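Participant: This is structure_21.cif, which holds mmCIF, N, CA and C atoms and all ligand atoms:
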data_input
#
loop_
_atom_site.label_atom_id
_atom_site.label_comp_id
_atom_site.auth_asym_id
_atom_site.auth_seq_id
_atom_site.Cartn_x
_atom_site.Cartn_y
_atom_site.Cartn_z
N MET A 1 74.91 155.23 113.69
CA MET A 1 75.62 155.67 112.48
C MET A 1 76.88 156.45 112.85
N SER A 2 76.73 157.41 113.75
CA SER A 2 77.91 158.19 114.13
C SER A 2 78.91 157.34 114.90
N LYS A 3 78.42 156.31 115.59
CA LYS A 3 79.33 155.43 116.30
C LYS A 3 80.27 154.72 115.31
N ASN A 4 79.69 154.26 114.19
CA ASN A 4 80.51 153.60 113.17
C ASN A 4 81.57 154.54 112.62
N LYS A 5 81.19 155.80 112.40
CA LYS A 5 82.15 156.78 111.89
C LYS A 5 83.28 156.94 112.89
N THR A 6 82.94 157.02 114.17
CA THR A 6 83.95 157.16 115.21
C THR A 6 84.88 155.96 115.22
N GLU A 7 84.28 154.76 115.09
CA GLU A 7 85.11 153.55 115.08
C GLU A 7 86.07 153.55 113.89
N LEU A 8 85.57 153.96 112.71
CA LEU A 8 86.42 154.00 111.54
C LEU A 8 87.55 155.00 111.73
N LYS A 9 87.23 156.16 112.31
CA LYS A 9 88.22 157.21 112.52
C LYS A 9 89.35 156.71 113.42
N THR A 10 89.01 155.99 114.49
CA THR A 10 90.04 155.53 115.40
C THR A 10 90.87 154.40 114.79
N GLU A 11 90.30 153.66 113.84
CA GLU A 11 91.04 152.57 113.21
C GLU A 11 91.98 153.06 112.11
N PHE A 12 91.74 154.26 111.62
CA PHE A 12 92.53 154.75 110.50
C PHE A 12 93.97 155.03 110.90
N GLU A 13 94.90 154.40 110.21
CA GLU A 13 96.32 154.70 110.40
C GLU A 13 96.87 155.21 109.07
N PRO A 14 97.32 156.45 109.03
CA PRO A 14 97.78 157.03 107.77
C PRO A 14 98.97 156.27 107.18
N ARG A 15 98.98 156.21 105.88
CA ARG A 15 100.13 155.64 105.16
C ARG A 15 100.90 156.81 104.55
N ILE A 16 102.11 156.97 104.99
CA ILE A 16 102.92 158.11 104.57
C ILE A 16 104.09 157.60 103.74
N ILE A 17 104.28 158.21 102.58
CA ILE A 17 105.46 157.91 101.75
C ILE A 17 106.42 159.08 101.87
N ALA A 18 107.69 158.77 102.14
CA ALA A 18 108.71 159.82 102.26
C ALA A 18 109.75 159.65 101.16
N PHE A 19 109.87 160.66 100.31
CA PHE A 19 110.94 160.70 99.31
C PHE A 19 112.08 161.49 99.94
N VAL A 20 113.18 160.81 100.17
CA VAL A 20 114.28 161.47 100.89
C VAL A 20 115.58 161.35 100.11
N CYS A 21 116.44 162.34 100.27
CA CYS A 21 117.75 162.27 99.63
C CYS A 21 118.63 161.33 100.43
N GLN A 22 119.49 160.61 99.71
CA GLN A 22 120.28 159.55 100.35
C GLN A 22 121.36 160.09 101.29
N TRP A 23 121.77 161.35 101.08
CA TRP A 23 122.92 161.85 101.83
C TRP A 23 122.54 162.42 103.18
N CYS A 24 121.43 163.14 103.26
CA CYS A 24 121.09 163.79 104.52
C CYS A 24 119.92 163.13 105.22
N THR A 25 118.72 163.24 104.66
CA THR A 25 117.55 162.76 105.39
C THR A 25 117.56 161.25 105.57
N TYR A 26 117.99 160.52 104.55
CA TYR A 26 118.03 159.05 104.72
C TYR A 26 118.96 158.69 105.87
N THR A 27 120.10 159.36 105.93
CA THR A 27 121.05 159.10 107.00
C THR A 27 120.50 159.58 108.34
N GLY A 28 119.76 160.69 108.32
CA GLY A 28 119.11 161.17 109.54
C GLY A 28 118.07 160.18 110.04
N ALA A 29 117.31 159.60 109.10
CA ALA A 29 116.32 158.59 109.49
C ALA A 29 117.02 157.35 110.05
N ASP A 30 118.16 157.02 109.45
CA ASP A 30 118.94 155.88 109.94
C ASP A 30 119.46 156.18 111.35
N LEU A 31 119.88 157.42 111.56
CA LEU A 31 120.35 157.83 112.89
C LEU A 31 119.22 157.71 113.92
N ALA A 32 118.02 158.10 113.50
CA ALA A 32 116.87 157.97 114.41
C ALA A 32 116.69 156.52 114.83
N GLY A 33 116.89 155.62 113.87
CA GLY A 33 116.75 154.20 114.17
C GLY A 33 117.85 153.70 115.09
N THR A 34 119.10 154.04 114.76
CA THR A 34 120.20 153.54 115.59
C THR A 34 120.22 154.21 116.96
N SER A 35 119.62 155.40 117.06
CA SER A 35 119.52 156.08 118.36
C SER A 35 118.27 155.65 119.13
N ARG A 36 117.51 154.76 118.52
CA ARG A 36 116.27 154.23 119.14
C ARG A 36 115.28 155.33 119.47
N ILE A 37 115.21 156.32 118.60
CA ILE A 37 114.22 157.39 118.77
C ILE A 37 112.86 156.84 118.34
N GLN A 38 111.88 157.00 119.19
CA GLN A 38 110.54 156.49 118.91
C GLN A 38 109.77 157.49 118.05
N TYR A 39 109.18 157.01 116.98
CA TYR A 39 108.30 157.84 116.17
C TYR A 39 107.29 156.96 115.46
N ALA A 40 106.29 157.60 114.87
CA ALA A 40 105.19 156.87 114.25
C ALA A 40 105.71 155.89 113.19
N PRO A 41 105.19 154.66 113.21
CA PRO A 41 105.67 153.65 112.25
C PRO A 41 104.93 153.70 110.91
N ASN A 42 104.33 154.84 110.61
CA ASN A 42 103.45 154.94 109.43
C ASN A 42 104.18 155.28 108.14
N VAL A 43 105.47 155.51 108.22
CA VAL A 43 106.19 156.02 107.05
C VAL A 43 106.94 154.91 106.32
N ARG A 44 106.93 155.01 104.97
CA ARG A 44 107.74 154.13 104.12
C ARG A 44 108.65 155.05 103.32
N ILE A 45 109.94 154.76 103.35
CA ILE A 45 110.93 155.65 102.75
C ILE A 45 111.31 155.19 101.35
N ILE A 46 111.36 156.15 100.45
CA ILE A 46 111.90 155.92 99.10
C ILE A 46 113.10 156.85 98.95
N LYS A 47 114.26 156.23 98.74
CA LYS A 47 115.51 156.99 98.70
C LYS A 47 115.76 157.53 97.30
N LEU A 48 116.08 158.80 97.23
CA LEU A 48 116.47 159.44 95.97
C LEU A 48 117.92 159.89 96.11
N PRO A 49 118.63 160.06 94.98
CA PRO A 49 120.00 160.55 95.10
C PRO A 49 120.05 161.97 95.68
N CYS A 50 118.98 162.74 95.41
CA CYS A 50 118.96 164.16 95.80
C CYS A 50 117.52 164.64 95.67
N THR A 51 117.10 165.63 96.44
CA THR A 51 115.73 166.14 96.27
C THR A 51 115.55 166.80 94.91
N GLY A 52 116.67 167.14 94.26
CA GLY A 52 116.58 167.69 92.90
C GLY A 52 115.96 166.69 91.93
N ARG A 53 115.92 165.43 92.32
CA ARG A 53 115.34 164.38 91.47
C ARG A 53 113.82 164.28 91.63
N ILE A 54 113.26 164.96 92.63
CA ILE A 54 111.82 164.82 92.88
C ILE A 54 111.02 165.36 91.70
N ASP A 55 109.97 164.67 91.41
CA ASP A 55 109.11 165.02 90.27
C ASP A 55 107.67 164.93 90.76
N VAL A 56 106.82 165.79 90.27
CA VAL A 56 105.43 165.78 90.72
C VAL A 56 104.76 164.44 90.42
N HIS A 57 105.24 163.75 89.40
CA HIS A 57 104.65 162.45 89.08
C HIS A 57 104.89 161.43 90.20
N PHE A 58 106.03 161.54 90.87
CA PHE A 58 106.29 160.62 91.99
C PHE A 58 105.25 160.83 93.09
N ILE A 59 104.95 162.09 93.35
CA ILE A 59 104.00 162.43 94.42
C ILE A 59 102.60 161.94 94.05
N LEU A 60 102.19 162.22 92.83
CA LEU A 60 100.85 161.79 92.41
C LEU A 60 100.75 160.27 92.36
N LYS A 61 101.83 159.61 91.94
CA LYS A 61 101.83 158.14 91.90
C LYS A 61 101.71 157.57 93.31
N ALA A 62 102.37 158.22 94.26
CA ALA A 62 102.27 157.75 95.65
C ALA A 62 100.82 157.83 96.12
N PHE A 63 100.15 158.94 95.84
CA PHE A 63 98.75 159.07 96.24
C PHE A 63 97.88 158.05 95.50
N GLU A 64 98.18 157.87 94.23
CA GLU A 64 97.40 156.91 93.44
C GLU A 64 97.53 155.50 94.02
N GLN A 65 98.72 155.17 94.51
CA GLN A 65 98.97 153.80 94.95
C GLN A 65 98.73 153.58 96.43
N GLY A 66 98.11 154.54 97.09
CA GLY A 66 97.66 154.25 98.45
C GLY A 66 98.15 155.16 99.55
N ALA A 67 99.01 156.11 99.23
CA ALA A 67 99.49 157.00 100.30
C ALA A 67 98.39 157.97 100.72
N ASP A 68 98.38 158.29 102.01
CA ASP A 68 97.47 159.32 102.54
C ASP A 68 98.22 160.63 102.73
N GLY A 69 99.54 160.56 102.75
CA GLY A 69 100.36 161.75 102.90
C GLY A 69 101.75 161.49 102.32
N VAL A 70 102.43 162.56 101.96
CA VAL A 70 103.76 162.45 101.34
C VAL A 70 104.71 163.46 102.00
N ILE A 71 105.91 162.97 102.28
CA ILE A 71 106.98 163.84 102.77
C ILE A 71 108.06 163.88 101.70
N VAL A 72 108.62 165.05 101.46
CA VAL A 72 109.82 165.19 100.62
C VAL A 72 110.85 165.89 101.48
N SER A 73 112.00 165.27 101.66
CA SER A 73 112.98 165.87 102.55
C SER A 73 114.40 165.59 102.07
N GLY A 74 115.26 166.56 102.27
CA GLY A 74 116.66 166.40 101.86
C GLY A 74 117.57 167.31 102.66
N CYS A 75 118.74 167.53 102.09
CA CYS A 75 119.75 168.35 102.75
C CYS A 75 119.26 169.79 102.90
N HIS A 76 119.74 170.45 103.94
CA HIS A 76 119.42 171.87 104.13
C HIS A 76 119.96 172.67 102.95
N PRO A 77 119.29 173.78 102.62
CA PRO A 77 119.83 174.65 101.56
C PRO A 77 121.28 175.02 101.86
N GLY A 78 122.11 174.86 100.85
CA GLY A 78 123.54 175.13 101.03
C GLY A 78 124.34 173.86 101.31
N ASP A 79 123.66 172.76 101.67
CA ASP A 79 124.36 171.52 102.01
C ASP A 79 124.17 170.41 100.98
N CYS A 80 123.51 170.70 99.87
CA CYS A 80 123.24 169.67 98.87
C CYS A 80 124.56 169.10 98.34
N HIS A 81 124.66 167.78 98.27
CA HIS A 81 125.87 167.12 97.80
C HIS A 81 126.08 167.30 96.31
N TYR A 82 125.05 167.78 95.63
CA TYR A 82 125.17 168.08 94.19
C TYR A 82 125.05 169.59 93.99
N THR A 83 125.44 170.33 94.99
CA THR A 83 125.54 171.79 94.97
C THR A 83 124.20 172.51 95.02
N SER A 84 123.33 172.22 94.05
CA SER A 84 122.12 173.05 93.95
C SER A 84 120.83 172.26 93.73
N GLY A 85 120.89 170.94 93.87
CA GLY A 85 119.68 170.14 93.64
C GLY A 85 118.52 170.56 94.53
N ASN A 86 118.82 170.86 95.78
CA ASN A 86 117.71 171.21 96.68
C ASN A 86 117.18 172.62 96.39
N TYR A 87 118.00 173.47 95.75
CA TYR A 87 117.46 174.77 95.34
C TYR A 87 116.42 174.59 94.23
N TYR A 88 116.72 173.66 93.31
CA TYR A 88 115.73 173.35 92.26
C TYR A 88 114.47 172.76 92.91
N ALA A 89 114.68 171.86 93.88
CA ALA A 89 113.53 171.25 94.56
C ALA A 89 112.71 172.31 95.27
N ARG A 90 113.37 173.23 95.92
CA ARG A 90 112.66 174.27 96.68
C ARG A 90 111.78 175.11 95.74
N ARG A 91 112.30 175.37 94.55
CA ARG A 91 111.48 176.11 93.59
C ARG A 91 110.27 175.30 93.15
N ARG A 92 110.48 174.00 93.01
CA ARG A 92 109.36 173.14 92.57
C ARG A 92 108.30 173.00 93.65
N PHE A 93 108.69 173.13 94.92
CA PHE A 93 107.74 172.90 96.00
C PHE A 93 106.51 173.79 95.87
N GLU A 94 106.73 175.04 95.54
CA GLU A 94 105.60 175.97 95.40
C GLU A 94 104.69 175.53 94.26
N MET A 95 105.32 175.08 93.17
CA MET A 95 104.53 174.59 92.03
C MET A 95 103.74 173.34 92.43
N PHE A 96 104.39 172.46 93.21
CA PHE A 96 103.70 171.23 93.66
C PHE A 96 102.48 171.60 94.50
N LYS A 97 102.65 172.55 95.41
CA LYS A 97 101.54 172.94 96.29
C LYS A 97 100.39 173.52 95.47
N ASN A 98 100.72 174.35 94.50
CA ASN A 98 99.67 174.90 93.63
C ASN A 98 98.96 173.80 92.87
N MET A 99 99.74 172.82 92.41
CA MET A 99 99.13 171.72 91.66
C MET A 99 98.23 170.88 92.57
N MET A 100 98.65 170.68 93.80
CA MET A 100 97.83 169.93 94.77
C MET A 100 96.48 170.63 94.95
N ASN A 101 96.54 171.95 95.11
CA ASN A 101 95.29 172.71 95.26
C ASN A 101 94.42 172.56 94.02
N PHE A 102 95.05 172.65 92.85
CA PHE A 102 94.32 172.54 91.60
C PHE A 102 93.63 171.17 91.49
N LEU A 103 94.32 170.13 91.97
CA LEU A 103 93.79 168.77 91.85
C LEU A 103 92.84 168.41 92.99
N GLY A 104 92.68 169.31 93.94
CA GLY A 104 91.75 169.05 95.04
C GLY A 104 92.35 168.20 96.15
N ILE A 105 93.68 168.15 96.22
CA ILE A 105 94.34 167.41 97.29
C ILE A 105 94.76 168.42 98.35
N ASP A 106 94.29 168.22 99.57
CA ASP A 106 94.64 169.15 100.65
C ASP A 106 96.16 169.24 100.76
N GLU A 107 96.68 170.45 100.69
CA GLU A 107 98.14 170.59 100.68
C GLU A 107 98.79 170.16 102.00
N LYS A 108 97.97 169.98 103.04
CA LYS A 108 98.54 169.48 104.31
C LYS A 108 98.97 168.02 104.18
N ARG A 109 98.55 167.38 103.10
CA ARG A 109 98.98 166.00 102.88
C ARG A 109 100.39 165.92 102.30
N LEU A 110 100.95 167.05 101.94
CA LEU A 110 102.29 167.09 101.35
C LEU A 110 103.18 168.00 102.20
N GLN A 111 104.27 167.44 102.71
CA GLN A 111 105.15 168.21 103.59
C GLN A 111 106.57 168.18 103.06
N PHE A 112 107.15 169.35 102.90
CA PHE A 112 108.55 169.44 102.52
C PHE A 112 109.36 169.81 103.75
N ALA A 113 110.56 169.27 103.83
CA ALA A 113 111.38 169.56 105.01
C ALA A 113 112.85 169.37 104.67
N TRP A 114 113.68 169.95 105.51
CA TRP A 114 115.13 169.75 105.42
C TRP A 114 115.56 169.03 106.69
N VAL A 115 116.13 167.87 106.53
CA VAL A 115 116.61 167.10 107.69
C VAL A 115 118.02 166.61 107.37
N SER A 116 118.98 167.00 108.18
CA SER A 116 120.37 166.62 107.92
C SER A 116 120.66 165.23 108.50
N ALA A 117 121.85 164.74 108.19
CA ALA A 117 122.26 163.42 108.68
C ALA A 117 122.40 163.39 110.20
N ALA A 118 122.52 164.57 110.82
CA ALA A 118 122.70 164.64 112.27
C ALA A 118 121.38 164.90 113.00
N GLU A 119 120.27 164.95 112.25
CA GLU A 119 119.00 165.35 112.85
C GLU A 119 118.00 164.19 112.93
N GLY A 120 118.42 163.14 113.57
CA GLY A 120 117.53 161.99 113.77
C GLY A 120 116.29 162.36 114.55
N ARG A 121 116.47 163.19 115.56
CA ARG A 121 115.32 163.59 116.38
C ARG A 121 114.34 164.44 115.56
N LYS A 122 114.88 165.30 114.70
CA LYS A 122 114.02 166.13 113.84
C LYS A 122 113.22 165.23 112.89
N TRP A 123 113.87 164.20 112.36
CA TRP A 123 113.18 163.27 111.47
C TRP A 123 111.99 162.62 112.21
N GLY A 124 112.24 162.16 113.41
CA GLY A 124 111.17 161.54 114.20
C GLY A 124 110.02 162.51 114.44
N SER A 125 110.34 163.74 114.78
CA SER A 125 109.31 164.75 115.03
C SER A 125 108.52 165.05 113.76
N LEU A 126 109.24 165.12 112.63
CA LEU A 126 108.59 165.39 111.34
C LEU A 126 107.58 164.29 111.01
N VAL A 127 108.00 163.05 111.17
CA VAL A 127 107.10 161.93 110.86
C VAL A 127 105.89 161.95 111.79
N ASP A 128 106.13 162.21 113.07
CA ASP A 128 105.00 162.28 114.02
C ASP A 128 104.03 163.39 113.63
N GLU A 129 104.58 164.55 113.28
CA GLU A 129 103.73 165.70 112.92
C GLU A 129 102.89 165.41 111.68
N VAL A 130 103.54 164.90 110.65
CA VAL A 130 102.82 164.61 109.41
C VAL A 130 101.77 163.51 109.65
N THR A 131 102.14 162.50 110.38
CA THR A 131 101.19 161.41 110.67
C THR A 131 99.98 161.95 111.41
N ASN A 132 100.19 162.79 112.39
CA ASN A 132 99.05 163.36 113.14
C ASN A 132 98.20 164.27 112.26
N ASN A 133 98.85 165.09 111.43
CA ASN A 133 98.09 165.97 110.53
C ASN A 133 97.24 165.17 109.56
N VAL A 134 97.82 164.14 108.99
CA VAL A 134 97.09 163.33 108.01
C VAL A 134 96.01 162.50 108.71
N ARG A 135 96.30 162.04 109.90
CA ARG A 135 95.28 161.29 110.66
C ARG A 135 94.05 162.17 110.88
N ALA A 136 94.29 163.46 111.17
CA ALA A 136 93.18 164.38 111.39
C ALA A 136 92.38 164.62 110.10
N LEU A 137 93.06 164.57 108.96
CA LEU A 137 92.38 164.77 107.67
C LEU A 137 91.58 163.54 107.26
N GLY A 138 92.02 162.36 107.71
CA GLY A 138 91.35 161.13 107.33
C GLY A 138 91.98 160.52 106.09
N PRO A 139 91.47 159.37 105.67
CA PRO A 139 92.05 158.68 104.51
C PRO A 139 91.90 159.48 103.23
N PHE A 140 92.83 159.26 102.32
CA PHE A 140 92.75 159.91 101.01
C PHE A 140 92.47 158.83 99.97
N ASP A 141 91.25 158.81 99.47
CA ASP A 141 90.85 157.74 98.55
C ASP A 141 90.62 158.23 97.13
N ASN A 142 90.71 159.52 96.91
CA ASN A 142 90.30 160.08 95.61
C ASN A 142 91.01 159.48 94.40
N TYR A 143 92.32 159.25 94.52
CA TYR A 143 93.07 158.83 93.35
C TYR A 143 93.61 157.42 93.46
N LYS A 144 93.15 156.67 94.45
CA LYS A 144 93.75 155.35 94.65
C LYS A 144 93.33 154.36 93.59
N SER A 145 94.29 153.63 93.05
CA SER A 145 93.95 152.57 92.12
C SER A 145 94.50 151.24 92.61
N LEU A 146 95.69 151.25 93.18
CA LEU A 146 96.32 150.04 93.68
C LEU A 146 96.78 150.28 95.11
N LYS A 147 97.01 149.22 95.82
CA LYS A 147 97.54 149.33 97.18
C LYS A 147 99.00 148.92 97.16
N ILE A 148 99.86 149.71 97.81
CA ILE A 148 101.27 149.34 97.87
C ILE A 148 101.65 148.81 99.24
N PHE A 149 100.70 148.86 100.17
CA PHE A 149 101.01 148.34 101.51
C PHE A 149 100.37 147.00 101.71
FE1 LIG A 201 120.60 165.96 99.54
FE2 LIG A 201 120.77 167.24 97.14
S1 LIG A 201 122.06 165.69 97.94
S2 LIG A 201 119.24 167.44 98.69
#
Could you spell out this file's structure in structure tokens?
Ligand code: FES
Facilitator:
Amino acid sequence: MSKNKTELKTEFEPRIIAFVCQWCTYTGADLAGTSRIQYAPNVRIIKLPCTGRIDVHFILKAFEQGADGVIVSGCHPGDCHYTSGNYYARRRFEMFKNMMNFLGIDEKRLQFAWVSAAEGRKWGSLVDEVTNNVRALGPFDNYKSLKIF
């Protein structure tokens, strides 16, 4: 019995959805690719105009549709191309974390970060870190209804 659990654990590959702003993190992820930086292939990127556009419904929908973890990342504070979108996002992050706790979703499954267009290596490290953290938590099946992968 425990052998089967071990086998399942080693087969599990986390599915990570990343909501990223088009100006900084998306470009940073692109830089990681063009620089041939190696990182976990577990992430699927959804581009937003700005992290100010992030909504808790996007995060919950990602979990519902098969994600095991979610990243939200954009321009560093002070660098938002729409002046203050990431300040609004930063305020929402605390609310999102509280809501995750309320809904019984381990908050380690949700990671917020700032990654600039010049930080391809940081993007790779972030994806590796989140993938490893979520892999340790195991699959998230509580809210899944459809598969997007
Ligand atoms: Fe990147 Fe606002 S444009 S966070």
Participant: Env of A:Arg109: 8 Å cut, atoms = only N, CA and C atoms, seq-sep filter 6 positions within chain, self excluded. Answer as a VMD selection string.
Facilitator: chain A and resid 68 to 71 130 133 to 134
Participant: Out of A:Gly120, A:Met100, A:Val115, A:Lys108, which residue has the shortest atom-to-atom distance to A:Leu137 when counting only C-alpha atoms?
Facilitator: A:Lys108
Participant: Which one is closest to A:Ile16: A:Thr51, A:Phe96, A:Ala67, A:Gln38? Count only N, CA and C atoms.
Facilitator: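 Smallest separation from A:Ile16 among the options: A:Ala67.
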Participant: Step by step, measure atom-to-atom distances between ligand LIG 201 (chain A) and each residue using all atoms listed in the file, keep those at most 8 Å, then write them as a list in words.
Facilitator: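 Taking all atoms listed in the file into account, the residues around ligand LIG 201 (chain A) at most 8 Å away are Val20, Cys21, Gln22, Trp23, Cys24, Thr25, Tyr26, Leu48, Pro49, Cys50, Thr51, Gly52, Arg53, Ser73, Gly74, Cys75, His76, Pro77, Asp79, Cys80, His81, Tyr82, Thr83, Ser84, Gly85, Asn86, Tyr87 and Ala89 of chain A.
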Participant: Interatomic distance between atom CA of A:Lys97 and atom CA of A:Val72?
Facilitator: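 According to the coordinates, atom CA of A:Lys97 and atom CA of A:Val72 are separated by 12.1 Å.
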Participant: Quick one: pick out all strand (DSSP E or B) residues within chain A from a backbone DSSP run and write them as a ChimeraX atom specification.
Facilitator: /A:16-21,43-48,69-74,110-114
Participant: For each of A:Glu11, A:Ala40, A:Gln65, A:Leu31, take the minimum atom-to-atom distance to A:Asn132, counting all atoms listed in the file, then give the residue where this is smallest.
Facilitator: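 Between A:Glu11, A:Ala40, A:Gln65, A:Leu31, the residue approaching A:Asn132 most closely is A:Ala40.
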Participant: At what distance in Å, to one decimal, does atom C of A:Ala29 lie from atom CA of A:Ile45?
Facilitator: 9.7 Å
Participant: Tell me, in Å to one decimal, how far atom N of A:Gly104 is from atom CA of A:Lys61.
Facilitator: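 Separating atom N of A:Gly104 from atom CA of A:Lys61 is a distance of 14.6 Å.
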Participant: Nearest residue to A:Gly28 out of A:Arg135, A:Trp123, A:Asn142, A:Asp128, using only C-alpha atoms?
Facilitator: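 Among the listed residues, A:Trp123 lies closest to A:Gly28.
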Participant: Kindly indicate which residue among A:Pro14, A:Phe19, A:Met99, A:Ile37 lies nearest to A:Lys122, using only C-alpha atoms for the distances.
Facilitator: A:Ile37
Participant: Using DSSP assignments from the backbone, pull out every residue in chain A that falls under helix (DSSP H, G or I) and give it to me as JSON, numbers by chain.
Facilitator: {"A": [2, 3, 4, 5, 6, 7, 8, 9, 10, 11, 25, 26, 27, 28, 29, 30, 31, 32, 33, 34, 51, 52, 53, 56, 57, 58, 59, 60, 61, 62, 63, 64, 85, 86, 87, 88, 89, 90, 91, 92, 93, 94, 95, 96, 97, 98, 99, 100, 101, 102, 103, 107, 108, 109, 120, 121, 122, 123, 124, 125, 126, 127, 128, 129, 130, 131, 132, 133, 134, 135, 136, 137]}
Participant: Of the candidates A:Ile17, A:Met95, A:Ile105, A:Arg121, which shows the shortest atom-to-atom distance to A:Gly33, using all atoms listed in the file?
Facilitator: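 The answer is A:Arg121, which sits nearest to A:Gly33.
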